[in-house]
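Colleague: My structure is stored as model.cif, with mmCIF, C-alpha atoms.
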data_coords
#
loop_
_atom_site.label_atom_id
_atom_site.label_comp_id
_atom_site.auth_asym_id
_atom_site.auth_seq_id
_atom_site.Cartn_x
_atom_site.Cartn_y
_atom_site.Cartn_z
CA MET A 1 0.00 0.00 0.00
CA PHE A 2 2.74 2.47 0.99
CA LYS A 3 6.16 2.13 -0.63
CA LYS A 4 9.47 3.89 -0.10
CA GLY A 5 10.79 6.43 -2.59
CA LEU A 6 8.70 9.60 -2.75
CA SER A 7 9.93 11.74 -5.64
CA VAL A 8 10.24 15.53 -5.69
CA PHE A 9 7.50 15.70 -8.30
CA ALA A 10 5.20 13.54 -6.21
CA LEU A 11 5.81 15.94 -3.35
CA LEU A 12 4.46 18.76 -5.50
CA PHE A 13 1.08 17.02 -5.66
CA VAL A 14 -0.31 18.97 -2.73
CA THR A 15 -3.50 20.70 -3.86
CA GLY A 16 -6.12 20.12 -6.51
CA PHE A 17 -6.69 16.43 -5.81
CA SER A 18 -9.98 14.79 -4.80
CA MET A 19 -11.01 11.80 -2.75
CA PHE A 20 -13.90 9.70 -1.56
CA LEU A 21 -14.02 9.06 2.17
CA GLY A 22 -17.57 8.70 3.41
CA GLY A 23 -18.90 10.77 0.53
CA CYS A 24 -17.90 12.82 -2.50
CA THR A 25 -15.84 15.95 -1.90
CA SER A 26 -14.64 18.95 -3.86
CA SER A 27 -11.03 19.15 -4.90
CA ASN A 28 -9.67 20.58 -1.65
CA ILE A 29 -12.15 19.19 0.93
CA PHE A 30 -11.55 15.84 2.60
CA THR A 31 -14.15 13.99 4.63
CA TYR A 32 -13.36 11.70 7.56
CA ILE A 33 -16.21 9.68 9.02
CA ILE A 34 -15.43 9.29 12.71
CA ASP A 35 -18.69 7.51 13.50
CA GLU A 36 -21.57 6.68 11.16
CA SER A 37 -24.02 7.76 13.86
CA TYR A 38 -22.72 11.35 13.88
CA ASP A 39 -24.91 13.74 11.89
CA GLU A 40 -22.78 16.89 11.94
CA PHE A 41 -19.33 17.89 10.75
CA ILE A 42 -16.73 20.17 12.24
CA VAL A 43 -14.42 21.83 9.71
CA MET A 44 -10.66 22.03 10.07
CA GLY A 45 -8.37 24.18 7.94
CA THR A 46 -4.87 23.04 7.03
CA SER A 47 -2.13 23.35 4.40
CA ALA A 48 -1.17 19.85 3.33
CA ASP A 49 2.41 20.43 2.24
CA TYR A 50 4.12 20.04 5.59
CA ALA A 51 4.91 16.43 6.39
CA PRO A 52 4.88 14.95 9.00
CA TYR A 53 2.21 17.41 10.16
CA GLU A 54 0.02 16.99 7.07
CA TRP A 55 0.63 15.79 3.53
CA PRO A 56 -1.24 14.12 0.63
CA MET A 57 -1.12 10.38 0.19
CA ASN A 58 -2.45 7.91 -2.31
CA ASP A 59 -3.86 5.01 -0.28
CA ASP A 60 -4.75 2.17 -2.68
CA GLY A 61 -5.87 4.63 -5.34
CA VAL A 62 -7.72 6.94 -2.93
CA GLN A 63 -6.31 10.41 -2.34
CA THR A 64 -6.30 11.52 1.28
CA ILE A 65 -4.40 13.74 3.69
CA VAL A 66 -2.51 12.18 6.56
CA GLY A 67 -0.29 13.47 9.35
CA ILE A 68 0.02 14.45 12.98
CA ASP A 69 -2.43 17.32 12.65
CA ILE A 70 -5.04 15.20 10.90
CA GLU A 71 -5.00 12.73 13.79
CA ILE A 72 -5.41 15.57 16.28
CA GLY A 73 -8.32 16.91 14.23
CA LYS A 74 -9.98 13.49 14.32
CA ALA A 75 -9.61 13.35 18.09
CA ILE A 76 -11.18 16.79 18.47
CA ALA A 77 -14.08 15.82 16.21
CA LYS A 78 -14.64 12.59 18.16
CA GLU A 79 -14.73 14.45 21.47
CA LEU A 80 -17.38 16.77 20.01
CA GLY A 81 -19.42 13.88 18.59
CA MET A 82 -18.93 15.06 15.02
CA ASN A 83 -17.36 13.85 11.80
CA LEU A 84 -14.50 15.84 10.31
CA LYS A 85 -14.06 17.84 7.14
CA VAL A 86 -10.59 19.14 6.29
CA VAL A 87 -10.18 22.12 3.95
CA ASN A 88 -6.75 22.24 2.31
CA LYS A 89 -5.49 25.72 1.36
CA GLY A 90 -2.32 27.76 1.15
CA PHE A 91 -0.83 28.45 4.57
CA ASP A 92 -1.27 32.21 4.50
CA TYR A 93 -5.02 31.88 3.77
CA LEU A 94 -5.76 29.78 6.84
CA LEU A 95 -6.29 32.45 9.48
CA ASP A 96 -8.43 34.53 7.12
CA ASP A 97 -10.67 31.49 6.60
CA LEU A 98 -10.86 31.02 10.35
CA SER A 99 -11.71 34.65 11.05
CA SER A 100 -14.41 34.64 8.35
CA GLY A 101 -16.03 31.45 9.66
CA LYS A 102 -15.14 29.23 6.71
CA VAL A 103 -13.47 26.75 9.06
CA ASP A 104 -13.96 26.05 12.77
CA PHE A 105 -10.32 25.56 13.70
CA VAL A 106 -6.89 25.43 12.07
CA ILE A 107 -4.15 22.88 12.65
CA ALA A 108 -1.15 23.30 10.38
CA GLY A 109 2.03 23.11 12.43
CA MET A 110 1.31 26.75 13.26
CA THR A 111 3.36 28.77 15.75
CA PRO A 112 1.28 31.09 17.99
CA THR A 113 3.08 34.38 17.37
CA ASP A 114 2.01 37.65 18.98
CA ALA A 115 0.79 38.98 15.63
CA ARG A 116 -1.38 35.93 15.00
CA ALA A 117 -2.75 36.01 18.55
CA LEU A 118 -4.25 39.43 17.81
CA ILE A 119 -6.73 37.88 15.36
CA VAL A 120 -7.25 34.31 16.62
CA ASP A 121 -6.98 32.38 19.89
CA PHE A 122 -4.50 29.54 20.31
CA SER A 123 -4.56 26.30 22.24
CA ASN A 124 -1.78 25.09 24.45
CA ILE A 125 1.33 23.91 22.61
CA TYR A 126 1.07 20.33 21.38
CA TYR A 127 4.53 19.91 19.79
CA GLU A 128 7.85 21.72 20.04
CA ALA A 129 10.46 21.59 17.31
CA HIS A 130 13.62 23.39 16.26
CA GLN A 131 14.23 25.29 13.04
CA VAL A 132 16.99 24.14 10.72
CA VAL A 133 18.49 24.89 7.30
CA LEU A 134 18.17 22.39 4.44
CA VAL A 135 20.75 22.47 1.62
CA GLN A 136 22.10 20.27 -1.13
CA THR A 137 24.51 17.73 0.35
CA ALA A 138 27.31 19.03 -1.87
CA SER A 139 27.02 22.43 -0.15
CA VAL A 140 27.35 21.25 3.46
CA SER A 141 31.08 22.00 3.62
CA THR A 142 30.48 25.48 2.20
CA PHE A 143 27.80 26.59 4.65
CA THR A 144 29.30 26.03 8.09
CA ASN A 145 27.68 28.92 9.99
CA ILE A 146 25.08 31.68 9.76
CA ASP A 147 27.58 34.15 8.26
CA SER A 148 28.37 31.86 5.35
CA LEU A 149 24.69 31.98 4.35
CA ASN A 150 24.22 35.68 5.04
CA SER A 151 25.50 37.02 1.72
CA ALA A 152 23.99 38.91 -1.20
CA SER A 153 24.96 36.05 -3.51
CA ILE A 154 23.00 33.46 -1.49
CA ARG A 155 19.29 32.75 -2.01
CA ILE A 156 17.40 31.70 1.11
CA ALA A 157 13.91 30.23 0.78
CA ALA A 158 11.03 29.82 3.23
CA GLN A 159 7.28 29.30 3.24
CA MET A 160 5.29 32.48 2.71
CA GLY A 161 3.48 33.64 5.84
CA ALA A 162 5.15 31.06 8.09
CA ILE A 163 7.47 31.61 11.04
CA GLN A 164 10.36 30.55 8.80
CA GLN A 165 9.86 33.69 6.70
CA ASP A 166 10.43 35.83 9.79
CA LEU A 167 13.49 33.77 10.73
CA ALA A 168 14.95 34.17 7.24
CA GLU A 169 14.55 37.95 7.49
CA GLU A 170 16.07 38.08 10.97
CA ASN A 171 19.02 35.76 10.40
CA PHE A 172 19.94 36.47 6.77
CA PRO A 173 19.36 40.21 6.17
CA LEU A 174 21.96 40.36 3.38
CA SER A 175 20.76 37.29 1.47
CA GLN A 176 18.26 37.19 -1.36
CA LYS A 177 14.89 35.81 -0.22
CA VAL A 178 12.46 33.50 -1.99
CA TYR A 179 9.04 33.02 -0.36
CA LEU A 180 6.51 30.61 -1.84
CA GLN A 181 3.14 29.19 -0.75
CA ALA A 182 3.99 25.49 -0.86
CA VAL A 183 6.96 23.85 0.83
CA PRO A 184 7.37 21.26 -1.99
CA ASP A 185 7.91 24.15 -4.41
CA LEU A 186 10.75 25.37 -2.20
CA ILE A 187 12.30 21.90 -2.21
CA LEU A 188 12.07 21.72 -5.99
CA LYS A 189 13.91 25.03 -6.29
CA LEU A 190 16.58 23.71 -3.92
CA THR A 191 17.10 20.51 -5.90
CA GLN A 192 17.26 22.52 -9.14
CA GLY A 193 19.89 24.87 -7.69
CA LEU A 194 17.59 27.91 -7.88
CA VAL A 195 18.06 28.56 -4.16
CA GLU A 196 20.94 27.60 -1.88
CA ALA A 197 19.01 26.90 1.32
CA VAL A 198 15.54 26.43 2.77
CA VAL A 199 14.56 27.24 6.37
CA LEU A 200 12.30 24.49 7.73
CA GLU A 201 11.13 22.95 10.95
CA GLN A 202 13.36 20.02 11.86
CA PRO A 203 10.91 17.09 11.45
CA VAL A 204 9.79 18.50 8.09
CA ALA A 205 13.38 18.83 6.90
CA GLU A 206 14.18 15.31 8.12
CA GLY A 207 11.30 13.98 6.02
CA TYR A 208 12.75 15.53 2.88
CA VAL A 209 16.22 14.19 3.66
CA SER A 210 14.70 10.71 3.91
CA ASN A 211 12.68 11.05 0.71
CA VAL A 212 14.76 13.21 -1.64
CA GLU A 213 18.28 12.17 -2.58
CA GLY A 214 21.06 14.72 -2.25
CA LEU A 215 19.68 16.87 0.57
CA SER A 216 21.19 17.46 4.01
CA ILE A 217 20.49 19.46 7.15
CA LEU A 218 23.21 21.86 8.25
CA ASP A 219 24.66 21.42 11.72
CA LEU A 220 23.23 24.69 13.00
CA GLU A 221 19.91 25.95 14.31
CA ILE A 222 18.13 29.16 13.39
CA GLY A 223 17.13 31.28 16.37
CA GLU A 224 15.60 29.90 19.54
CA PRO A 225 13.14 26.99 19.66
CA ASP A 226 10.04 28.39 17.99
CA GLY A 227 7.61 27.93 20.86
CA GLY A 228 5.96 24.96 19.23
CA SER A 229 2.75 24.32 17.32
CA ALA A 230 -0.77 25.06 18.51
CA VAL A 231 -4.38 24.84 17.31
CA ALA A 232 -6.04 28.11 16.26
CA VAL A 233 -9.72 28.94 16.83
CA GLU A 234 -11.82 31.99 16.09
CA LYS A 235 -11.20 34.84 18.50
CA GLY A 236 -13.46 34.46 21.53
CA ASN A 237 -14.53 30.86 20.89
CA ALA A 238 -13.79 29.82 24.46
CA ASP A 239 -15.95 26.68 24.47
CA LEU A 240 -14.19 25.11 21.50
CA LEU A 241 -10.79 26.15 22.82
CA THR A 242 -11.53 24.52 26.20
CA THR A 243 -12.48 21.28 24.46
CA ILE A 244 -9.38 21.33 22.26
CA ASN A 245 -7.07 21.94 25.22
CA ALA A 246 -8.68 19.03 27.07
CA VAL A 247 -8.20 16.73 24.06
CA LEU A 248 -4.57 17.78 23.68
CA ALA A 249 -3.87 17.30 27.40
CA ASP A 250 -5.32 13.80 27.27
CA MET A 251 -3.38 12.87 24.12
CA ILE A 252 -0.14 14.14 25.64
CA SER A 253 -0.56 12.59 29.10
CA SER A 254 -1.60 9.19 27.72
CA GLY A 255 1.35 9.02 25.34
CA GLU A 256 -1.02 8.86 22.34
CA LEU A 257 0.39 11.99 20.75
CA ASP A 258 3.99 10.79 21.09
CA GLN A 259 3.00 7.58 19.33
CA ILE A 260 1.22 9.48 16.56
CA ILE A 261 4.27 11.69 16.01
CA SER A 262 6.56 8.67 15.84
CA ASP A 263 4.22 6.81 13.47
CA MET A 264 3.84 9.78 11.13
CA ILE A 265 7.58 10.47 10.94
CA ILE A 266 8.10 6.83 9.99
CA LEU A 267 5.21 6.86 7.51
CA ASN A 268 6.57 9.97 5.82
CA SER A 269 9.96 8.32 5.39
CA THR A 270 8.45 5.17 3.81
CA THR A 271 5.79 6.66 1.54
CA GLU A 272 5.32 6.71 -2.19
CA GLU A 273 2.57 8.50 -4.06
#
Starting from the file, give its structure as structure tokens.

Modeller:
Amino acid sequence: MFKKGLSVFALLFVTGFSMFLGGCTSSNIFTYIIDESYDEFIVMGTSADYAPYEWPMNDDGVQTIVGIDIEIGKAIAKELGMNLKVVNKGFDYLLDDLSSGKVDFVIAGMTPTDARALIVDFSNIYYEAHQVVLVQTASVSTFTNIDSLNSASIRIAAQMGAIQQDLAEENFPLSQKVYLQAVPDLILKLTQGLVEAVVLEQPVAEGYVSNVEGLSILDLEIGEPDGGSAVAVEKGNADLLTTINAVLADMISSGELDQIISDMIILNSTTEE
């Protein structure tokens, strides 16, 4: 069902696919039936280009989205007695969709920055990770520290609207910047030599090292640990936020979330479209 050897071009297959899971869906909406007896759906927003948090997968000919965040979304839906719909969009559209009521909550490996907290409310942190720099393996000996990357001749890439964009600006003020919506597009530019480095969260970068030949993570970290990932809800939605925090606390204390994280990191490293 799942085979090793995910290609760069398969990784680009992030949006515009459809699936059948408990009913027909539009091209960017995915339906997960938690229990056939549930009549209602809760809607989650995500950006499925960020393995192991969320990414597209072909499961015996059926397109779906899998990942850490999808499993958390399922647990939240189950606690509420609802089935789950997941809307897949570009990362920098997610909070707008949440604020406008198009989705009920957002899980997308999102860091709760001060700026974001002005427009949405965040749950407690469910996963902490470090930021790293991904380069072509042949360049590892060239880029040995921050200064070696901070040059007008070097092109640094990051996901548009993500915390990595801020980190690129802060750490590499002299470098050229490339910001794109989808992480797989950044990886493609890296493999083609159109950028020298990509700033990514460590588990995401590790997934690409496992799946794409010729990539390596530099032995340096960018900034401080990013504060981790949290679930976003509409500003003032205290009831939903309370439920989400309770679900997260239970998943963390029981060890369920640790197991999900481990399983999804392994799945991402052994997956083929």

Colleague: If you measure from CA of Lys235 in chain A to CA of Leu80 in chain A, what distance in Å do you get, rounded to one decimal?

Modeller: 19.2 Å

Colleague: Which of these residues is nearest to Tyr179 in chain A, using all atoms listed in the file: A:Ile42, A:Ile119, A:Ile156, A:Leu167?

Modeller: A:Ile156

Colleague: Using Å and a single decimal, report how far CA of Met44 in chain A sits from CA of Val106 in chain A.

Modeller: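 One can read the CA of Val106 in chain A to CA of Met44 in chain A distance as 5.5 Å.
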
Colleague: Tell me which residues the PyMOL selection byres ((chain A and resi 122) around 12) grabs here, as JSON, numbers by chain.

Modeller: {"A": [95, 98, 105, 106, 107, 110, 111, 112, 113, 114, 115, 116, 117, 118, 119, 120, 121, 123, 124, 125, 126, 228, 229, 230, 231, 232, 233, 234, 235, 236, 237, 238, 240, 241, 242, 244, 245]}

Colleague: Please provide the set of residues having any atom within 10 Å of range 199-205 of chain A, restricted to only C-alpha atoms, with same-chain residues fewer than 2 positions apart removed, written as JSON, numbers by chain.

Modeller: {"A": [49, 50, 51, 52, 53, 54, 109, 128, 129, 130, 131, 132, 133, 134, 135, 156, 157, 158, 159, 162, 163, 164, 165, 167, 168, 183, 186, 187, 197, 207, 208, 209, 210, 211, 215, 216, 217, 221, 222, 225, 226, 228, 261, 265, 268]}

Colleague: Which residue out of A:Ala75, A:Met57, A:Leu194, A:Leu84 has the minimum interatomic distance to Phe41 in chain A when all atoms listed in the file are used?

Modeller: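 Counting all atoms listed in the file, the residue closest to Phe41 in chain A is A:Leu84.
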
Colleague: For CA of Ile68 in chain A and CA of Leu257 in chain A, determine how far apart the two atoms are, in Å to one decimal place.

Modeller: 8.2 Å

Colleague: Name every residue that the PyMOL selection byres ((chain A and resi 45) around 10) selects in this structure, writing the answer as number ranges by chain with chains first and numbers rising.

Modeller: A: 29, 43-44, 46-48, 73, 85-91, 93-95, 97-98, 102-108, 232

Colleague: Which is closer to Leu218 in chain A than all the others in A:Val62, A:Leu180, A:Leu267, A:Ile146, using only C-alpha atoms?

Modeller: A:Ile146

Colleague: Nearest residue to Asn145 in chain A out of A:Asp69, A:Glu206, A:Asp166, A:Asp219, using all atoms listed in the file?

Modeller: A:Asp219

Colleague: For a quick check of understanding, using all atoms listed in the file, which of A:Ser37, A:Ser254, A:Gln259, A:Ser27 has the smallest distance to Thr64 in chain A?

Modeller: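 Nearest to Thr64 in chain A: A:Ser27.
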
Colleague: Measuring atom to atom with only C-alpha atoms, identify which of A:Ala152, A:Leu188, A:Val247, A:Val212 is nearest to Phe172 in chain A.

Modeller: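 Selected residue with least distance to Phe172 in chain A: A:Ala152.
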
Colleague: Anything within 10 Å of (-17.5, 14.0, 17.4): list those residues as a compact mmCIF listing (two decimals) with C-alpha atoms, in the frame of the given file, counting only C-alpha atoms and sticking to the file's coordinates.

Modeller:
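Okay, part.txt is ready:
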# COMPACT_ATOMS: atom_id res chain seq x y z
CA ILE A 33 -16.21 9.68 9.02
CA ILE A 34 -15.43 9.29 12.71
CA ASP A 35 -18.69 7.51 13.50
CA SER A 37 -24.02 7.76 13.86
CA TYR A 38 -22.72 11.35 13.88
CA ASP A 39 -24.91 13.74 11.89
CA GLU A 40 -22.78 16.89 11.94
CA PHE A 41 -19.33 17.89 10.75
CA ILE A 42 -16.73 20.17 12.24
CA LYS A 74 -9.98 13.49 14.32
CA ALA A 75 -9.61 13.35 18.09
CA ILE A 76 -11.18 16.79 18.47
CA ALA A 77 -14.08 15.82 16.21
CA LYS A 78 -14.64 12.59 18.16
CA GLU A 79 -14.73 14.45 21.47
CA LEU A 80 -17.38 16.77 20.01
CA GLY A 81 -19.42 13.88 18.59
CA MET A 82 -18.93 15.06 15.02
CA ASN A 83 -17.36 13.85 11.80
CA LEU A 84 -14.50 15.84 10.31
